[in-house]
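First up is the structure itself, then whatever we jot down about it.
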Amino acid sequence: MSEKPEANPADLTDPGLAGWSRPAERLRQAFEKDEFSLYCQPIRALDPASEPAYPLGEVLVRMREEEQAMLPPGEFLPILEHYRMMPELDRWVVRHLARRLVAGARLPAFALNVSAQTLTDPEFPRYVTGIASANGLRRGSLVFEVEEHELLSRPGVVAAFVGALRDSGTAVLVAGFGRKAVSFTSLKALGATYVKVDGSVVRKLMQSELARTKVGAIVRVARAIGMRVIAECVEEPEVLQKLRELGVDYAQGFGIIQPQPIDEMTL
């Protein structure tokens with residue numbers, strides 16, 4: 001799943017990018033040999049009485065390179081995007097995550113960031129529905145994370161994608177919320193379960209009254225329409241406490257817990 005906006009193809013003209021003489025062949029080999037690995041950053045419930053304490057986590061992808069070293073997403077995702085192979089990676093993630101859920105996972109649900117390319121792949125929702133049905137996945141155990149800028153710039157594409165997934169039992173999370181103006185109109189129409197406050201707002205929480213007011217307003221409206229609020233990029237204990245005071249449901253960030261291999265998670 002993508003962890004950053006799509007790369008500019010003009011930046012990827014060097015055939016030796018990432019040290020690979022034939023990038024497309026190297027990526028094809030990675031798929032054939034299962035050289036990608038799932039990581040996860042758990043998302044914490046801020047109500048001390050909540051069970052479970054970590055109701056979901058965001059899935060991240062790493063790629064094994066020489067001597068089992070793990071390449072960060074910035075090293076290989078732009079190349080996948082350049083060769084329009086992101087839908088294949090997203091399928092790989094769904095397939096392997098379903099296996100992990102069936103085998104037993106430390107978290108009840110996982111959020112998967114959908115790439116811009118996958119949003120326009122008409123076969124992807126059918127693939128997800130088939131995987132969910134074949135593995136008997138519990139409703140809501142897969143959460144597809146869509147960036148707010150995609151929703152605002154391509155509302156029809158996102159609505160069609162979410163509509164096609166409606167029978168799969170998956171949920172929807174809109175990320176990057178509040179980066180600019182706050183509007184819930186599109187979110188309500190989409191039927192999203194979660195909204196994630198953008199890190200640029202969360203980082204200013206202790207210094208900016210405007211940021212606190214914005215988060216408070218997001219919480220009030222989200223609660224009124226039945227959505228849960230997640231704050232990302234939480235790094236300090238005082239920010240965590242302020243989010244709790246503002247009524248935010250969940251928090252995610254390096255100040256809470258760092259990403260871990262999904263098979264080795266400790267909570």
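All residue names refer to the structure tokens as shown: chains lettered A, B, ... in order, residues numbered from 1 in each chain, ligands numbered from 1 in order.
If you count only C-alpha atoms and ignore residues fewer than 6 places along the chain from Gly253 in chain A, what sits within 10 Å of it is Gln41, Pro42, Ile43, Arg44, Gly199, Ala231, Glu232, Cys233, Val234, Glu235, Glu236, Leu240 and Pro259 of chain A.
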For the selection you just gave me, I'd like the residues written to a file as a PDB file, in the first residue's frame, keeping N, CA, C and O atoms.
```pdb
ATOM      1  N   GLN A  41       1.716  -0.341  12.068  1.00  0.00           N
ATOM      2  CA  GLN A  41       1.774   0.602  13.192  1.00  0.00           C
ATOM      3  C   GLN A  41       0.416   0.585  13.890  1.00  0.00           C
ATOM      4  O   GLN A  41      -0.574   1.077  13.344  1.00  0.00           O
ATOM      5  N   PRO A  42       0.330  -0.012  15.076  1.00  0.00           N
ATOM      6  CA  PRO A  42      -0.950  -0.067  15.793  1.00  0.00           C
ATOM      7  C   PRO A  42      -1.481   1.323  16.116  1.00  0.00           C
ATOM      8  O   PRO A  42      -0.732   2.273  16.325  1.00  0.00           O
ATOM      9  N   ILE A  43      -2.793   1.440  16.141  1.00  0.00           N
ATOM     10  CA  ILE A  43      -3.489   2.686  16.450  1.00  0.00           C
ATOM     11  C   ILE A  43      -4.186   2.499  17.797  1.00  0.00           C
ATOM     12  O   ILE A  43      -4.947   1.554  17.981  1.00  0.00           O
ATOM     13  N   ARG A  44      -3.935   3.404  18.719  1.00  0.00           N
ATOM     14  CA  ARG A  44      -4.360   3.249  20.115  1.00  0.00           C
ATOM     15  C   ARG A  44      -5.676   3.960  20.411  1.00  0.00           C
ATOM     16  O   ARG A  44      -5.893   5.091  19.973  1.00  0.00           O
ATOM     17  N   GLY A 199      -1.443  15.079   9.982  1.00  0.00           N
ATOM     18  CA  GLY A 199      -0.340  15.317  10.903  1.00  0.00           C
ATOM     19  C   GLY A 199       0.066  16.772  11.009  1.00  0.00           C
ATOM     20  O   GLY A 199       0.561  17.216  12.052  1.00  0.00           O
ATOM     21  N   ALA A 231      -6.081  10.596  15.183  1.00  0.00           N
ATOM     22  CA  ALA A 231      -5.044  11.625  15.034  1.00  0.00           C
ATOM     23  C   ALA A 231      -3.726  10.921  14.720  1.00  0.00           C
ATOM     24  O   ALA A 231      -3.327   9.993  15.433  1.00  0.00           O
ATOM     25  N   GLU A 232      -3.051  11.353  13.667  1.00  0.00           N
ATOM     26  CA  GLU A 232      -1.777  10.734  13.295  1.00  0.00           C
ATOM     27  C   GLU A 232      -0.605  11.608  13.740  1.00  0.00           C
ATOM     28  O   GLU A 232      -0.781  12.724  14.220  1.00  0.00           O
ATOM     29  N   CYS A 233       0.607  11.061  13.599  1.00  0.00           N
ATOM     30  CA  CYS A 233       1.850  11.796  13.882  1.00  0.00           C
ATOM     31  C   CYS A 233       1.919  12.281  15.327  1.00  0.00           C
ATOM     32  O   CYS A 233       2.372  13.409  15.597  1.00  0.00           O
ATOM     33  N   VAL A 234       1.468  11.455  16.263  1.00  0.00           N
ATOM     34  CA  VAL A 234       1.533  11.808  17.683  1.00  0.00           C
ATOM     35  C   VAL A 234       2.904  11.400  18.215  1.00  0.00           C
ATOM     36  O   VAL A 234       3.269  10.227  18.154  1.00  0.00           O
ATOM     37  N   GLU A 235       3.648  12.367  18.742  1.00  0.00           N
ATOM     38  CA  GLU A 235       5.019  12.095  19.169  1.00  0.00           C
ATOM     39  C   GLU A 235       5.301  12.458  20.622  1.00  0.00           C
ATOM     40  O   GLU A 235       6.298  11.996  21.178  1.00  0.00           O
ATOM     41  N   GLU A 236       4.450  13.293  21.255  1.00  0.00           N
ATOM     42  CA  GLU A 236       4.719  13.714  22.627  1.00  0.00           C
ATOM     43  C   GLU A 236       3.546  13.358  23.540  1.00  0.00           C
ATOM     44  O   GLU A 236       2.386  13.393  23.120  1.00  0.00           O
ATOM     45  N   LEU A 240      -0.790  13.687  23.265  1.00  0.00           N
ATOM     46  CA  LEU A 240      -1.711  12.579  23.499  1.00  0.00           C
ATOM     47  C   LEU A 240      -2.782  12.975  24.512  1.00  0.00           C
ATOM     48  O   LEU A 240      -3.976  12.705  24.326  1.00  0.00           O
ATOM     49  N   PRO A 259       6.257   1.297  13.948  1.00  0.00           N
ATOM     50  CA  PRO A 259       5.888   0.180  13.080  1.00  0.00           C
ATOM     51  C   PRO A 259       6.724  -1.060  13.398  1.00  0.00           C
ATOM     52  O   PRO A 259       7.910  -0.956  13.710  1.00  0.00           O
TER      53      PRO A 259
END
```
- Message: For range 158-160 of chain A, find every residue with an atom within 10 Å (counting only C-alpha atoms), except residues of its own chain fewer than 4 positions away, and show them as a PyMOL selection string.
- Response: chain A and resi 116+119-120+122+125+146-148+150-154+164-166+186+189-191
- Query: Counting only C-alpha atoms, what is within 9 Å of Ala222 in chain A, bar same-chain residues fewer than 5 positions away, as a VMD selection string?
  - Reply: chain A and resid 184 194 to 195 217 227 to 229
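Here the DSSP assignment of alpha helix (DSSP H), based on backbone atoms, applies within range 126-167 of chain A to Arg126, Tyr127, Val128, Thr129, Gly130, Ile131, Ala132, Ser133, Ala134, Asn135, Glu148, His149, Glu150, Leu151, Leu152, Ser153, Pro155, Gly156, Val157, Val158, Ala159, Ala160, Phe161, Val162, Gly163 and Ala164 of chain A.
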Could you save those same residues with N, CA and C atoms as a compact mmCIF listing (two decimals), in the first residue's frame?
```txt
# COMPACT_ATOMS: atom_id res chain seq x y z
N ARG A 126 -13.56 -6.26 -7.02
CA ARG A 126 -14.00 -7.65 -7.18
C ARG A 126 -12.96 -8.60 -6.58
N TYR A 127 -11.70 -8.25 -6.75
CA TYR A 127 -10.64 -9.08 -6.17
C TYR A 127 -10.76 -9.10 -4.64
N VAL A 128 -10.96 -7.93 -4.04
CA VAL A 128 -11.10 -7.83 -2.59
C VAL A 128 -12.31 -8.63 -2.10
N THR A 129 -13.42 -8.49 -2.77
CA THR A 129 -14.64 -9.21 -2.38
C THR A 129 -14.41 -10.71 -2.43
N GLY A 130 -13.71 -11.17 -3.47
CA GLY A 130 -13.41 -12.59 -3.58
C GLY A 130 -12.51 -13.09 -2.47
N ILE A 131 -11.47 -12.32 -2.15
CA ILE A 131 -10.55 -12.69 -1.09
C ILE A 131 -11.27 -12.72 0.26
N ALA A 132 -12.08 -11.70 0.53
CA ALA A 132 -12.80 -11.63 1.80
C ALA A 132 -13.75 -12.80 1.96
N SER A 133 -14.45 -13.14 0.88
CA SER A 133 -15.41 -14.26 0.92
C SER A 133 -14.69 -15.60 1.07
N ALA A 134 -13.63 -15.80 0.30
CA ALA A 134 -12.91 -17.08 0.33
C ALA A 134 -12.28 -17.34 1.69
N ASN A 135 -11.89 -16.27 2.40
CA ASN A 135 -11.22 -16.43 3.69
C ASN A 135 -12.16 -16.23 4.88
N GLU A 148 -7.78 12.36 1.54
CA GLU A 148 -8.83 13.36 1.32
C GLU A 148 -8.63 14.10 0.00
N HIS A 149 -7.38 14.34 -0.40
CA HIS A 149 -7.17 15.08 -1.65
C HIS A 149 -7.70 14.30 -2.85
N GLU A 150 -7.69 12.95 -2.76
CA GLU A 150 -8.28 12.14 -3.82
C GLU A 150 -9.80 12.31 -3.83
N LEU A 151 -10.39 12.34 -2.65
CA LEU A 151 -11.83 12.50 -2.54
C LEU A 151 -12.27 13.85 -3.08
N LEU A 152 -11.49 14.91 -2.82
CA LEU A 152 -11.85 16.24 -3.27
C LEU A 152 -11.58 16.45 -4.75
N SER A 153 -10.50 15.87 -5.26
CA SER A 153 -10.13 16.09 -6.66
C SER A 153 -10.81 15.11 -7.61
N PRO A 155 -13.94 13.02 -6.83
CA PRO A 155 -15.03 12.47 -6.02
C PRO A 155 -15.76 11.31 -6.69
N GLY A 156 -15.95 11.40 -8.01
CA GLY A 156 -16.65 10.33 -8.71
C GLY A 156 -15.87 9.03 -8.69
N VAL A 157 -14.55 9.13 -8.86
CA VAL A 157 -13.69 7.94 -8.85
C VAL A 157 -13.72 7.27 -7.48
N VAL A 158 -13.58 8.07 -6.43
CA VAL A 158 -13.57 7.51 -5.07
C VAL A 158 -14.94 6.92 -4.73
N ALA A 159 -16.02 7.62 -5.09
CA ALA A 159 -17.36 7.11 -4.80
C ALA A 159 -17.61 5.79 -5.51
N ALA A 160 -17.14 5.68 -6.75
CA ALA A 160 -17.32 4.43 -7.50
C ALA A 160 -16.51 3.31 -6.86
N PHE A 161 -15.31 3.61 -6.43
CA PHE A 161 -14.45 2.61 -5.78
C PHE A 161 -15.11 2.10 -4.50
N VAL A 162 -15.55 3.03 -3.65
CA VAL A 162 -16.17 2.65 -2.38
C VAL A 162 -17.49 1.90 -2.62
N GLY A 163 -18.26 2.36 -3.60
CA GLY A 163 -19.52 1.68 -3.90
C GLY A 163 -19.29 0.25 -4.36
N ALA A 164 -18.24 0.03 -5.16
CA ALA A 164 -17.95 -1.31 -5.64
C ALA A 164 -17.48 -2.23 -4.52
```
